[in-house]
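Source file: data14.txt; contents: compact mmCIF, C-alpha atoms.
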```txt
# COMPACT_ATOMS: atom_id res chain seq x y z
CA MET A 1 12.31 -14.83 -7.39
CA ALA A 2 11.70 -13.10 -4.07
CA THR A 3 9.38 -10.14 -3.75
CA GLU A 4 10.83 -6.88 -2.49
CA VAL A 5 8.79 -5.97 0.61
CA ASN A 6 9.00 -2.32 1.63
CA PHE A 7 7.84 -1.37 5.12
CA TYR A 8 6.66 2.24 5.34
CA HIS A 9 6.63 3.43 8.95
CA LEU A 10 4.05 6.25 9.07
CA ASN A 11 5.04 8.43 11.99
CA LYS A 12 4.39 11.93 10.60
CA ALA A 13 1.61 11.66 8.01
CA SER A 14 -1.50 9.51 7.77
CA LEU A 15 -2.14 6.78 5.24
CA GLU A 16 -4.43 9.22 3.40
CA ASP A 17 -1.51 11.64 3.05
CA ALA A 18 1.24 9.16 2.18
CA LEU A 19 -0.50 6.62 -0.06
CA PRO A 20 -1.49 8.93 -2.94
CA ARG A 21 2.13 10.00 -3.45
CA LEU A 22 3.32 6.39 -3.47
CA LEU A 23 0.59 5.45 -5.94
CA GLN A 24 1.51 8.37 -8.21
CA LYS A 25 5.12 7.13 -8.27
CA THR A 26 3.85 3.64 -9.08
CA LEU A 27 1.88 4.92 -12.06
CA GLN A 28 4.81 7.10 -13.20
CA ALA A 29 6.93 3.93 -13.22
CA GLY A 30 4.39 2.34 -15.56
CA GLU A 31 3.16 -0.15 -12.97
CA ARG A 32 -0.30 -1.13 -11.71
CA ALA A 33 -1.22 -1.48 -8.04
CA VAL A 34 -3.61 -3.31 -5.76
CA VAL A 35 -4.32 -1.57 -2.44
CA LEU A 36 -5.44 -4.11 0.16
CA LEU A 37 -7.28 -2.56 3.12
CA GLY A 38 -8.80 -3.94 6.31
CA SER A 39 -12.51 -3.51 5.55
CA PRO A 40 -15.06 -2.55 2.87
CA GLU A 41 -15.68 0.69 4.78
CA ARG A 42 -12.00 1.67 4.54
CA VAL A 43 -12.03 0.85 0.82
CA GLU A 44 -15.02 3.16 0.36
CA ALA A 45 -13.46 5.96 2.42
CA LEU A 46 -10.11 5.77 0.61
CA ASN A 47 -11.82 5.52 -2.77
CA ASN A 48 -13.66 8.77 -2.04
CA HIS A 49 -10.50 10.40 -0.67
CA LEU A 50 -8.47 9.61 -3.80
CA TRP A 51 -11.02 11.44 -5.95
CA THR A 52 -10.78 14.62 -3.88
CA TYR A 53 -7.36 14.82 -2.18
CA ASP A 54 -5.75 16.90 -4.96
CA PRO A 55 -7.96 19.49 -6.67
CA ASN A 56 -5.27 19.95 -9.36
CA GLY A 57 -4.59 16.30 -10.05
CA PHE A 58 -6.13 12.98 -10.94
CA LEU A 59 -5.17 9.54 -9.68
CA PRO A 60 -6.95 6.91 -11.79
CA HIS A 61 -8.31 4.17 -9.56
CA GLY A 62 -11.35 2.06 -8.82
CA ALA A 63 -12.97 -0.37 -6.44
CA GLN A 64 -15.74 -2.94 -6.58
CA ARG A 65 -18.51 -0.32 -6.86
CA ASP A 66 -16.77 1.12 -9.95
CA GLY A 67 -16.34 -2.23 -11.67
CA GLU A 68 -14.07 -3.03 -14.61
CA ALA A 69 -11.20 -4.06 -12.35
CA GLU A 70 -9.06 -5.18 -15.28
CA ARG A 71 -9.07 -1.60 -16.63
CA GLN A 72 -8.12 0.10 -13.35
CA PRO A 73 -4.44 1.00 -12.90
CA VAL A 74 -5.02 1.15 -9.10
CA TRP A 75 -7.52 -1.26 -7.54
CA LEU A 76 -8.75 -0.76 -3.97
CA THR A 77 -10.05 -3.85 -2.19
CA HIS A 78 -10.48 -5.62 1.13
CA LEU A 79 -10.08 -9.02 -0.60
CA ASP A 80 -6.77 -10.78 -1.22
CA GLU A 81 -7.01 -10.50 -5.02
CA ASN A 82 -5.27 -9.11 -8.09
CA PRO A 83 -7.99 -8.52 -10.70
CA ASN A 84 -6.06 -5.77 -12.55
CA LYS A 85 -2.90 -7.88 -12.92
CA ALA A 86 -0.84 -5.46 -10.82
CA ALA A 87 2.85 -5.93 -10.06
CA PHE A 88 2.72 -3.77 -6.90
CA LEU A 89 0.74 -4.58 -3.76
CA PHE A 90 0.05 -1.99 -1.06
CA VAL A 91 -1.14 -3.39 2.30
CA ALA A 92 -2.53 -1.19 5.09
CA ASP A 93 -5.04 -1.04 7.93
CA GLY A 94 -4.07 -4.40 9.36
CA ALA A 95 -4.93 -6.27 6.16
CA ARG A 96 -2.89 -9.35 5.28
CA SER A 97 -2.10 -10.99 1.98
CA GLU A 98 -1.17 -14.60 1.31
CA ARG A 99 -0.25 -13.64 -2.26
CA VAL A 100 2.79 -11.41 -1.69
CA ALA A 101 5.00 -13.75 -3.74
CA ASP A 102 2.76 -13.10 -6.78
CA PHE A 103 3.86 -9.44 -6.88
CA LYS A 104 7.14 -7.79 -7.87
CA ARG A 105 6.95 -5.38 -4.92
CA CYS A 106 4.87 -5.17 -1.76
CA PHE A 107 4.44 -2.03 0.32
CA GLU A 108 3.43 -2.54 3.95
CA LEU A 109 2.22 0.79 5.38
CA PHE A 110 1.70 0.94 9.12
CA ASP A 111 0.95 3.61 11.71
CA GLY A 112 4.07 4.04 13.84
CA ARG A 113 2.00 5.76 16.54
CA ASP A 114 -0.08 2.61 17.10
CA ASP A 115 1.77 0.04 19.26
CA GLU A 116 -0.41 -2.82 17.99
CA ALA A 117 0.26 -1.88 14.36
CA VAL A 118 4.02 -1.73 15.06
CA ALA A 119 3.94 -5.16 16.74
CA GLU A 120 2.01 -6.64 13.78
CA ALA A 121 4.49 -5.09 11.33
CA ARG A 122 7.36 -6.74 13.22
CA GLN A 123 5.61 -10.12 12.96
CA ARG A 124 5.07 -9.67 9.21
CA TRP A 125 8.71 -8.57 8.78
CA LYS A 126 9.87 -11.79 10.42
CA ALA A 127 7.48 -13.93 8.34
CA TYR A 128 8.53 -12.27 5.07
CA LYS A 129 12.20 -12.74 5.95
CA GLU A 130 11.58 -16.44 6.69
CA GLN A 131 9.86 -16.74 3.29
CA GLY A 132 13.00 -15.37 1.60
CA HIS A 133 11.67 -11.98 0.52
CA ALA A 134 13.99 -8.96 0.33
CA ILE A 135 13.03 -6.49 3.09
CA VAL A 136 13.46 -2.70 3.00
CA TYR A 137 12.48 -0.34 5.82
CA TRP A 138 11.50 3.31 5.19
CA GLN A 139 10.79 5.95 7.83
CA GLN A 140 9.18 9.34 7.27
CA THR A 141 11.43 12.37 7.54
CA GLU A 142 10.55 15.76 9.02
CA GLY A 143 10.02 17.17 5.52
CA GLY A 144 7.47 14.49 4.61
CA GLY A 145 9.82 12.42 2.48
CA TRP A 146 11.19 8.95 3.15
CA GLU A 147 14.54 7.76 4.44
CA LYS A 148 15.75 4.22 3.83
CA LYS A 149 16.82 2.74 7.17
CA ALA A 150 17.54 -0.92 6.42
```

Show this structure as structure tokens.
Amino acid sequence: MATEVNFYHLNKASLEDALPRLLQKTLQAGERAVVLLGSPERVEALNNHLWTYDPNGFLPHGAQRDGEAERQPVWLTHLDENPNKAAFLFVADGARSERVADFKRCFELFDGRDDEAVAEARQRWKAYKEQGHAIVYWQQTEGGGWEKKA
């Protein structure tokens, strides 16, 4: 069965603004997630951000420093792994996964204001299509929501 790969074109908000909302929806759907980032430093920064971004909310998550990966509903990593047995994979910051087919859904988030990131997203789109995955493209709207484009 092919994985549904969703490309999220960030052209209004940053990853730090958009990702928490997508992860909340993932948890509300009863799913677990792996968030694959480009470096250990970005994992650390996003881990800290997710603890503080909403003073009235809580997004359960963890990373290597927190341990107990199997108990974390959202796992942040720079390694191509799935230690919490997640069905959803979020990929950002130029990271790449060779394990997309192991997930039910993959979310590729890229900065639409960065020409290099856009070019890389196009390459990944083509590769996923060649691998037989179902591709969906989402673009941010003026109000901060998402509009399905293809």

Practice task
Measure the distance from CA of Thr77 (chain A) to CA of Pro20 (chain A) in Å and round it to one decimal.
Solution key: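 Those two atoms sit 15.4 Å apart.
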
Practice task
Can you work out which one of A:Phe7, A:Leu50, A:Ala2, A:Phe88 has the shortest atom-to-atom distance to Ala29 (chain A), counting all atoms listed in the file?
Solution key: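 Nearest to Ala29 (chain A): A:Phe88.
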
Problem - 10 Å contact set for region 82-85 of chain A, all atoms listed in the file, chain neighbours under 4 positions out, as a list of chain:residue names - result: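 Close residues of region 82-85 of chain A: A:Glu31, A:Arg32, A:Ala33, A:Val34, A:Val35, A:Leu36, A:Glu68, A:Ala69, A:Glu70, A:Arg71, A:Gln72, A:Pro73, A:Val74, A:Trp75, A:Leu76, A:Thr77, A:Leu89, A:Arg99, A:Asp102, A:Phe103.
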
Write the residues of the selection above to a file with C-alpha atoms, as a CSV table (one decimal), in the frame of the given file.
```csv
chain,number,residue,atom,x,y,z
A,31,GLU,CA,3.2,-0.2,-13.0
A,32,ARG,CA,-0.3,-1.1,-11.7
A,33,ALA,CA,-1.2,-1.5,-8.0
A,34,VAL,CA,-3.6,-3.3,-5.8
A,35,VAL,CA,-4.3,-1.6,-2.4
A,36,LEU,CA,-5.4,-4.1,0.2
A,68,GLU,CA,-14.1,-3.0,-14.6
A,69,ALA,CA,-11.2,-4.1,-12.4
A,70,GLU,CA,-9.1,-5.2,-15.3
A,71,ARG,CA,-9.1,-1.6,-16.6
A,72,GLN,CA,-8.1,0.1,-13.4
A,73,PRO,CA,-4.4,1.0,-12.9
A,74,VAL,CA,-5.0,1.2,-9.1
A,75,TRP,CA,-7.5,-1.3,-7.5
A,76,LEU,CA,-8.8,-0.8,-4.0
A,77,THR,CA,-10.0,-3.8,-2.2
A,89,LEU,CA,0.7,-4.6,-3.8
A,99,ARG,CA,-0.2,-13.6,-2.3
A,102,ASP,CA,2.8,-13.1,-6.8
A,103,PHE,CA,3.9,-9.4,-6.9
```

If the box runs along x, y and z of the file and leaves 8 Å on each side of region 68-75 of chain A, what are its centre and edge lengths in Å, one decimal, as JSON?
```
{"center_x": -9.3, "center_y": -2.0, "center_z": -12.1, "size_x": 25.6, "size_y": 22.3, "size_z": 25.1}
```

Fill in the blank from the handout: Gln24 (chain A) proximity check over A:Arg105, A:Lys149, A:His61, A:Lys126, using all atoms listed in the file: winner is A:His61
